[in-house]
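Peer 1: Next up is a structure, given as structure tokens.
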Amino acid sequence: MPHKFKGSFNIPVDNIFAAPLFSKDILKNNVCQEDTIVVSPDVGGVVRARALAKMLHLDIAIVDKRRPAPNVAKVMNIIGDVEGKHCILVDDIVDTAGTICGAADALMECGARKVTAYATHGVLSGPAAERITASKMHEMVITDSITQPQTILDNDKVRIMSIGSLMGEAILRIYDGRSISSLYS
């Protein structure tokens, strides 16, 4: 949960990050190789990308973009070496998929071998399904935190993973008075 929302509640809240699920999935699918790099699709997501990269012992790159209007992103520059690498884009929320698809296409244009995206919340509204299909992205992995329409369920590039085990473990830790932050180490 972004900091701006934490003050909206009069009860304690915990931000549950999907990074442990993503890192397990990346390792399980043998995606994490020496030619793999974690990429933030924008400067605002660097902390999230760095956390996942730390779990996987990988380097990071950043897509520097400008947003001239809401839901419109223009990719400007790739910070980091992505040539010949499998890029793992990581984001918290993907709405219309303009930013993530633009980032994937820019990475491929800069010589990336393959791009896989991981996003915690796939809002995937409006033109998202078409953008994902048309993009140079190999796969987009989202959690089941949001129920998806049939256009997303039928999209061969989208894979949905359950967030249930992570939420269950977080609830159990809260109930037992144990640390939530240790989920991420």
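For the structure tokens, the naming scheme is as follows: chains receive sequential letters (A, B, ...) according to their order of presentation, residues are indexed from 1 within each chain, and ligands are indexed from 1 in presentation order.
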I want to know what sits within 8 Å of region 105-109 of chain A, based on only C-alpha atoms, with residues of the same chain fewer than 2 positions away left out; could you give that as a PyMOL selection string?
Peer 2: chain A and resi 75+78+82+87+101-103+111-115+135-137
Peer 1: Need the shell around Asp91 (chain A): protein/DNA/RNA residues with any atom at most 8 Å away, counting only C-alpha atoms. Skip same-chain ones fewer than 3 positions apart. Format as a list in words?
Peer 2: Ser40, Pro41, Gly45, Arg48, Ala49, Val94, Ala117, Tyr118, Ala119 and Thr120 of chain A
Peer 1: Go through A:Ala134, A:Val39, A:Ala19, A:Ala69 and flag the residue nearest Leu89 (chain A), using only C-alpha atoms for the distances.
Peer 2: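 Among A:Ala134, A:Val39, A:Ala19, A:Ala69, it is A:Val39 that comes nearest to Leu89 (chain A).
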Peer 1: Which residues come within 10 Å of Thr133 (chain A), counting only C-alpha atoms, excluding same-chain residues fewer than 4 positions away, as a compact mmCIF listing (two decimals) with N, CA and C atoms, in the first residue's frame?
Peer 2:
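Final output, part20.txt:
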```
# COMPACT_ATOMS: atom_id res chain seq x y z
N CYS A 101 3.94 -2.12 -21.36
CA CYS A 101 4.16 -2.57 -22.74
C CYS A 101 5.16 -1.67 -23.45
N ALA A 128 -5.86 -2.61 -22.43
CA ALA A 128 -4.77 -3.42 -21.86
C ALA A 128 -4.58 -4.75 -22.60
N ALA A 129 -5.65 -5.50 -22.83
CA ALA A 129 -5.53 -6.82 -23.48
C ALA A 129 -4.89 -6.68 -24.86
N MET A 137 6.53 -8.13 -25.34
CA MET A 137 6.67 -8.85 -24.08
C MET A 137 6.38 -10.33 -24.29
N HIS A 138 7.19 -11.19 -23.68
CA HIS A 138 6.99 -12.64 -23.78
C HIS A 138 5.81 -13.08 -22.93
N GLU A 139 5.75 -12.57 -21.68
CA GLU A 139 4.70 -12.98 -20.75
C GLU A 139 4.48 -11.90 -19.71
N ILE A 152 -8.83 -11.06 -20.77
CA ILE A 152 -7.53 -11.28 -20.13
C ILE A 152 -7.31 -12.77 -19.90
N ASN A 155 -6.06 -14.39 -22.93
CA ASN A 155 -4.83 -13.85 -23.51
C ASN A 155 -3.67 -14.80 -23.22
N ASP A 156 -3.06 -15.33 -24.27
CA ASP A 156 -1.96 -16.30 -24.13
C ASP A 156 -0.72 -15.72 -23.46
N LYS A 157 -0.58 -14.40 -23.46
CA LYS A 157 0.60 -13.78 -22.85
C LYS A 157 0.42 -13.51 -21.35
N VAL A 158 -0.79 -13.69 -20.83
CA VAL A 158 -1.06 -13.38 -19.42
C VAL A 158 -1.18 -14.67 -18.63
```
Peer 1: Between A:Ile146, A:Val43, A:Leu56, A:Cys32, which one has atoms that come closest to Thr99 (chain A), using only C-alpha atoms?
Peer 2: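 Of all the options, A:Val43 lies closest to Thr99 (chain A).
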Peer 1: Run DSSP on the backbone and tell me which residues of region 2-64 of chain A come out as helix (DSSP H, G or I); list them as a PyMOL selection string.
Peer 2: chain A and resi 3-6+19-28+43-56
Peer 1: Those same residues - N, CA and C atoms - I'd like them written as a PDB file, in the first residue's frame.
Peer 2:
```
ATOM      1  N   HIS A   3       2.407   4.869   0.667  1.00  0.00           N
ATOM      2  CA  HIS A   3       2.380   5.666   1.901  1.00  0.00           C
ATOM      3  C   HIS A   3       1.167   6.582   1.974  1.00  0.00           C
ATOM      4  N   LYS A   4       0.731   7.112   0.833  1.00  0.00           N
ATOM      5  CA  LYS A   4      -0.361   8.076   0.850  1.00  0.00           C
ATOM      6  C   LYS A   4      -1.661   7.477   1.383  1.00  0.00           C
ATOM      7  N   PHE A   5      -1.807   6.153   1.349  1.00  0.00           N
ATOM      8  CA  PHE A   5      -3.028   5.517   1.837  1.00  0.00           C
ATOM      9  C   PHE A   5      -2.951   5.126   3.313  1.00  0.00           C
ATOM     10  N   LYS A   6      -1.753   4.969   3.849  1.00  0.00           N
ATOM     11  CA  LYS A   6      -1.620   4.516   5.229  1.00  0.00           C
ATOM     12  C   LYS A   6      -2.296   5.449   6.218  1.00  0.00           C
ATOM     13  N   ALA A  19       6.559  -9.688  -3.877  1.00  0.00           N
ATOM     14  CA  ALA A  19       7.924 -10.069  -4.269  1.00  0.00           C
ATOM     15  C   ALA A  19       8.298 -11.498  -3.881  1.00  0.00           C
ATOM     16  N   PRO A  20       7.907 -12.010  -2.694  1.00  0.00           N
ATOM     17  CA  PRO A  20       8.251 -13.406  -2.391  1.00  0.00           C
ATOM     18  C   PRO A  20       7.610 -14.397  -3.365  1.00  0.00           C
ATOM     19  N   LEU A  21       6.379 -14.127  -3.773  1.00  0.00           N
ATOM     20  CA  LEU A  21       5.730 -14.993  -4.763  1.00  0.00           C
ATOM     21  C   LEU A  21       6.443 -14.909  -6.110  1.00  0.00           C
ATOM     22  N   PHE A  22       6.767 -13.690  -6.502  1.00  0.00           N
ATOM     23  CA  PHE A  22       7.437 -13.494  -7.784  1.00  0.00           C
ATOM     24  C   PHE A  22       8.805 -14.167  -7.801  1.00  0.00           C
ATOM     25  N   SER A  23       9.575 -14.012  -6.722  1.00  0.00           N
ATOM     26  CA  SER A  23      10.917 -14.617  -6.701  1.00  0.00           C
ATOM     27  C   SER A  23      10.829 -16.138  -6.756  1.00  0.00           C
ATOM     28  N   LYS A  24       9.870 -16.732  -6.036  1.00  0.00           N
ATOM     29  CA  LYS A  24       9.697 -18.190  -6.102  1.00  0.00           C
ATOM     30  C   LYS A  24       9.323 -18.632  -7.506  1.00  0.00           C
ATOM     31  N   ASP A  25       8.435 -17.880  -8.157  1.00  0.00           N
ATOM     32  CA  ASP A  25       8.009 -18.220  -9.516  1.00  0.00           C
ATOM     33  C   ASP A  25       9.168 -18.099 -10.502  1.00  0.00           C
ATOM     34  N   ILE A  26       9.946 -17.053 -10.366  1.00  0.00           N
ATOM     35  CA  ILE A  26      11.100 -16.844 -11.254  1.00  0.00           C
ATOM     36  C   ILE A  26      12.106 -17.977 -11.083  1.00  0.00           C
ATOM     37  N   LEU A  27      12.391 -18.364  -9.839  1.00  0.00           N
ATOM     38  CA  LEU A  27      13.328 -19.456  -9.588  1.00  0.00           C
ATOM     39  C   LEU A  27      12.760 -20.802 -10.049  1.00  0.00           C
ATOM     40  N   LYS A  28      11.466 -21.035  -9.799  1.00  0.00           N
ATOM     41  CA  LYS A  28      10.815 -22.297 -10.191  1.00  0.00           C
ATOM     42  C   LYS A  28      10.830 -22.490 -11.702  1.00  0.00           C
ATOM     43  N   VAL A  43      10.933   5.356 -12.715  1.00  0.00           N
ATOM     44  CA  VAL A  43      11.792   5.733 -11.590  1.00  0.00           C
ATOM     45  C   VAL A  43      11.084   5.479 -10.259  1.00  0.00           C
ATOM     46  N   GLY A  44       9.772   5.633 -10.212  1.00  0.00           N
ATOM     47  CA  GLY A  44       9.015   5.434  -8.981  1.00  0.00           C
ATOM     48  C   GLY A  44       9.018   4.007  -8.469  1.00  0.00           C
ATOM     49  N   GLY A  45       9.339   3.052  -9.306  1.00  0.00           N
ATOM     50  CA  GLY A  45       9.331   1.650  -8.910  1.00  0.00           C
ATOM     51  C   GLY A  45      10.700   1.079  -8.584  1.00  0.00           C
ATOM     52  N   VAL A  46      11.703   1.926  -8.471  1.00  0.00           N
ATOM     53  CA  VAL A  46      13.071   1.454  -8.241  1.00  0.00           C
ATOM     54  C   VAL A  46      13.189   0.660  -6.935  1.00  0.00           C
ATOM     55  N   VAL A  47      12.546   1.120  -5.868  1.00  0.00           N
ATOM     56  CA  VAL A  47      12.636   0.416  -4.582  1.00  0.00           C
ATOM     57  C   VAL A  47      12.068  -0.998  -4.725  1.00  0.00           C
ATOM     58  N   ARG A  48      10.948  -1.135  -5.417  1.00  0.00           N
ATOM     59  CA  ARG A  48      10.320  -2.435  -5.634  1.00  0.00           C
ATOM     60  C   ARG A  48      11.243  -3.344  -6.467  1.00  0.00           C
ATOM     61  N   ALA A  49      11.815  -2.808  -7.530  1.00  0.00           N
ATOM     62  CA  ALA A  49      12.718  -3.585  -8.378  1.00  0.00           C
ATOM     63  C   ALA A  49      13.969  -3.997  -7.610  1.00  0.00           C
ATOM     64  N   ARG A  50      14.502  -3.081  -6.811  1.00  0.00           N
ATOM     65  CA  ARG A  50      15.704  -3.374  -6.030  1.00  0.00           C
ATOM     66  C   ARG A  50      15.437  -4.488  -5.019  1.00  0.00           C
ATOM     67  N   ALA A  51      14.248  -4.477  -4.403  1.00  0.00           N
ATOM     68  CA  ALA A  51      13.901  -5.516  -3.419  1.00  0.00           C
ATOM     69  C   ALA A  51      13.841  -6.892  -4.081  1.00  0.00           C
ATOM     70  N   LEU A  52      13.213  -6.986  -5.251  1.00  0.00           N
ATOM     71  CA  LEU A  52      13.146  -8.265  -5.956  1.00  0.00           C
ATOM     72  C   LEU A  52      14.533  -8.688  -6.429  1.00  0.00           C
ATOM     73  N   ALA A  53      15.293  -7.752  -6.949  1.00  0.00           N
ATOM     74  CA  ALA A  53      16.647  -8.060  -7.413  1.00  0.00           C
ATOM     75  C   ALA A  53      17.521  -8.568  -6.270  1.00  0.00           C
ATOM     76  N   LYS A  54      17.349  -7.992  -5.087  1.00  0.00           N
ATOM     77  CA  LYS A  54      18.123  -8.431  -3.919  1.00  0.00           C
ATOM     78  C   LYS A  54      17.782  -9.870  -3.564  1.00  0.00           C
ATOM     79  N   MET A  55      16.480 -10.216  -3.608  1.00  0.00           N
ATOM     80  CA  MET A  55      16.066 -11.598  -3.317  1.00  0.00           C
ATOM     81  C   MET A  55      16.677 -12.593  -4.299  1.00  0.00           C
ATOM     82  N   LEU A  56      16.843 -12.152  -5.548  1.00  0.00           N
ATOM     83  CA  LEU A  56      17.330 -13.036  -6.607  1.00  0.00           C
ATOM     84  C   LEU A  56      18.826 -12.871  -6.891  1.00  0.00           C
TER      85      LEU A  56
END
```
Peer 1: Please report, as a PyMOL selection string, each residue of region 6-165 of chain A to which DSSP assigns strand (DSSP E) when run on this structure's backbone.
Peer 2: chain A and resi 36-40+60-69+72-79+86-94+114-122+139-143+158-161
Peer 1: Write a file of the just-selected residues containing N, CA and C atoms, as a compact mmCIF listing (two decimals), in the first residue's frame.
Peer 2:
```txt
# COMPACT_ATOMS: atom_id res chain seq x y z
N THR A 36 20.08 -12.53 -16.56
CA THR A 36 18.78 -11.98 -16.17
C THR A 36 18.99 -10.68 -15.39
N ILE A 37 18.10 -9.72 -15.61
CA ILE A 37 18.17 -8.44 -14.91
C ILE A 37 16.75 -8.02 -14.54
N VAL A 38 16.58 -7.43 -13.36
CA VAL A 38 15.29 -6.92 -12.93
C VAL A 38 15.20 -5.46 -13.37
N VAL A 39 14.04 -5.09 -13.91
CA VAL A 39 13.88 -3.75 -14.47
C VAL A 39 12.67 -3.06 -13.85
N SER A 40 12.86 -1.82 -13.44
CA SER A 40 11.74 -0.98 -13.00
C SER A 40 11.21 -0.25 -14.22
N ILE A 60 19.87 -4.40 -11.41
CA ILE A 60 18.64 -3.76 -11.89
C ILE A 60 18.95 -2.77 -13.01
N ALA A 61 17.91 -2.48 -13.77
CA ALA A 61 17.93 -1.42 -14.77
C ALA A 61 16.65 -0.62 -14.56
N ILE A 62 16.60 0.56 -15.15
CA ILE A 62 15.46 1.45 -14.98
C ILE A 62 15.05 2.00 -16.34
N VAL A 63 13.73 2.03 -16.57
CA VAL A 63 13.21 2.70 -17.75
C VAL A 63 12.84 4.11 -17.32
N ASP A 64 13.50 5.10 -17.91
CA ASP A 64 13.21 6.50 -17.62
C ASP A 64 12.19 6.97 -18.63
N LYS A 65 11.04 7.43 -18.14
CA LYS A 65 9.98 7.87 -19.05
C LYS A 65 9.39 9.18 -18.57
N ARG A 66 8.72 9.81 -19.47
CA ARG A 66 7.97 11.02 -19.16
C ARG A 66 6.50 10.70 -19.38
N ARG A 67 5.64 11.25 -18.55
CA ARG A 67 4.19 11.02 -18.67
C ARG A 67 3.55 12.37 -19.04
N PRO A 68 3.30 12.60 -20.35
CA PRO A 68 2.74 13.88 -20.77
C PRO A 68 1.27 14.09 -20.37
N ALA A 69 0.54 13.00 -20.14
CA ALA A 69 -0.88 13.08 -19.73
C ALA A 69 -1.22 11.81 -18.96
N VAL A 72 -0.76 8.04 -20.24
CA VAL A 72 0.03 8.15 -21.46
C VAL A 72 1.50 8.21 -21.03
N ALA A 73 2.28 7.23 -21.45
CA ALA A 73 3.69 7.20 -21.07
C ALA A 73 4.55 7.20 -22.31
N LYS A 74 5.61 7.96 -22.28
CA LYS A 74 6.55 7.99 -23.38
C LYS A 74 7.90 7.55 -22.83
N VAL A 75 8.42 6.46 -23.31
CA VAL A 75 9.70 5.95 -22.84
C VAL A 75 10.81 6.81 -23.42
N MET A 76 11.72 7.19 -22.57
CA MET A 76 12.79 8.08 -23.00
C MET A 76 14.16 7.39 -23.06
N ASN A 77 14.48 6.59 -22.04
CA ASN A 77 15.85 6.09 -21.94
C ASN A 77 15.88 4.84 -21.05
N ILE A 78 16.80 3.94 -21.34
CA ILE A 78 17.02 2.78 -20.48
C ILE A 78 18.31 3.03 -19.70
N ILE A 79 18.21 2.97 -18.39
CA ILE A 79 19.38 3.15 -17.53
C ILE A 79 19.84 1.77 -17.10
N HIS A 86 17.65 -11.33 -20.30
CA HIS A 86 16.23 -11.57 -20.03
C HIS A 86 15.84 -10.55 -18.98
N CYS A 87 14.97 -9.63 -19.35
CA CYS A 87 14.55 -8.54 -18.46
C CYS A 87 13.27 -8.94 -17.73
N ILE A 88 13.29 -8.79 -16.41
CA ILE A 88 12.13 -9.04 -15.57
C ILE A 88 11.59 -7.68 -15.12
N LEU A 89 10.54 -7.21 -15.78
CA LEU A 89 9.89 -5.97 -15.39
C LEU A 89 9.03 -6.25 -14.17
N VAL A 90 9.05 -5.39 -13.18
CA VAL A 90 8.24 -5.59 -11.98
C VAL A 90 7.50 -4.30 -11.64
N ASP A 91 6.18 -4.43 -11.41
CA ASP A 91 5.36 -3.26 -11.11
C ASP A 91 4.32 -3.63 -10.07
N ASP A 92 3.73 -2.62 -9.44
CA ASP A 92 2.68 -2.90 -8.45
C ASP A 92 1.31 -2.96 -9.10
N ILE A 93 0.98 -1.99 -9.92
CA ILE A 93 -0.34 -1.92 -10.55
C ILE A 93 -0.16 -1.68 -12.05
N VAL A 94 -0.85 -2.48 -12.85
CA VAL A 94 -0.89 -2.26 -14.29
C VAL A 94 -2.34 -1.99 -14.64
N LYS A 114 14.73 -11.12 -24.07
CA LYS A 114 13.37 -11.52 -23.71
C LYS A 114 12.89 -10.61 -22.58
N VAL A 115 11.58 -10.35 -22.53
CA VAL A 115 11.01 -9.53 -21.45
C VAL A 115 9.82 -10.26 -20.85
N THR A 116 9.86 -10.42 -19.53
CA THR A 116 8.76 -10.97 -18.76
C THR A 116 8.37 -9.92 -17.73
N ALA A 117 7.07 -9.68 -17.59
CA ALA A 117 6.60 -8.68 -16.62
C ALA A 117 5.86 -9.36 -15.48
N TYR A 118 6.07 -8.85 -14.27
CA TYR A 118 5.36 -9.30 -13.07
C TYR A 118 4.68 -8.08 -12.46
N ALA A 119 3.37 -8.20 -12.18
CA ALA A 119 2.64 -7.09 -11.57
C ALA A 119 1.72 -7.65 -10.49
N THR A 120 1.70 -6.98 -9.35
CA THR A 120 0.86 -7.44 -8.24
C THR A 120 -0.61 -7.32 -8.58
N HIS A 121 -1.03 -6.15 -9.01
CA HIS A 121 -2.45 -5.92 -9.27
C HIS A 121 -2.66 -5.63 -10.75
N GLY A 122 -3.27 -6.55 -11.46
CA GLY A 122 -3.59 -6.36 -12.87
C GLY A 122 -4.98 -5.76 -13.01
N GLU A 139 5.75 -12.57 -21.68
CA GLU A 139 4.70 -12.98 -20.75
C GLU A 139 4.48 -11.90 -19.71
N MET A 140 3.21 -11.77 -19.27
CA MET A 140 2.88 -10.93 -18.14
C MET A 140 2.27 -11.82 -17.06
N VAL A 141 2.86 -11.77 -15.87
CA VAL A 141 2.39 -12.56 -14.74
C VAL A 141 1.76 -11.60 -13.75
N ILE A 142 0.49 -11.87 -13.38
CA ILE A 142 -0.22 -11.04 -12.41
C ILE A 142 -0.77 -11.94 -11.32
N THR A 143 -1.12 -11.34 -10.20
CA THR A 143 -1.76 -12.12 -9.13
C THR A 143 -3.26 -12.09 -9.35
N VAL A 158 -0.79 -13.69 -20.83
CA VAL A 158 -1.06 -13.38 -19.42
C VAL A 158 -1.18 -14.67 -18.63
N ARG A 159 -0.44 -14.73 -17.51
CA ARG A 159 -0.53 -15.85 -16.58
C ARG A 159 -0.90 -15.29 -15.22
N ILE A 160 -1.88 -15.92 -14.58
CA ILE A 160 -2.37 -15.45 -13.28
C ILE A 160 -1.92 -16.42 -12.20
N MET A 161 -1.29 -15.89 -11.16
CA MET A 161 -0.87 -16.72 -10.04
C MET A 161 -1.62 -16.32 -8.77
```
Peer 1: If you measure from CA of Pro149 (chain A) to CA of Ile163 (chain A), what distance in Å do you get, rounded to one decimal?
Peer 2: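 Taking CA of Pro149 (chain A) and CA of Ile163 (chain A), their separation equals 17.9 Å.
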Peer 1: One number please: CA of Lys85 (chain A) to CA of Asn30 (chain A), in Å, one decimal.
Peer 2: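 CA of Asn30 (chain A) lies 14.2 Å from CA of Lys85 (chain A).
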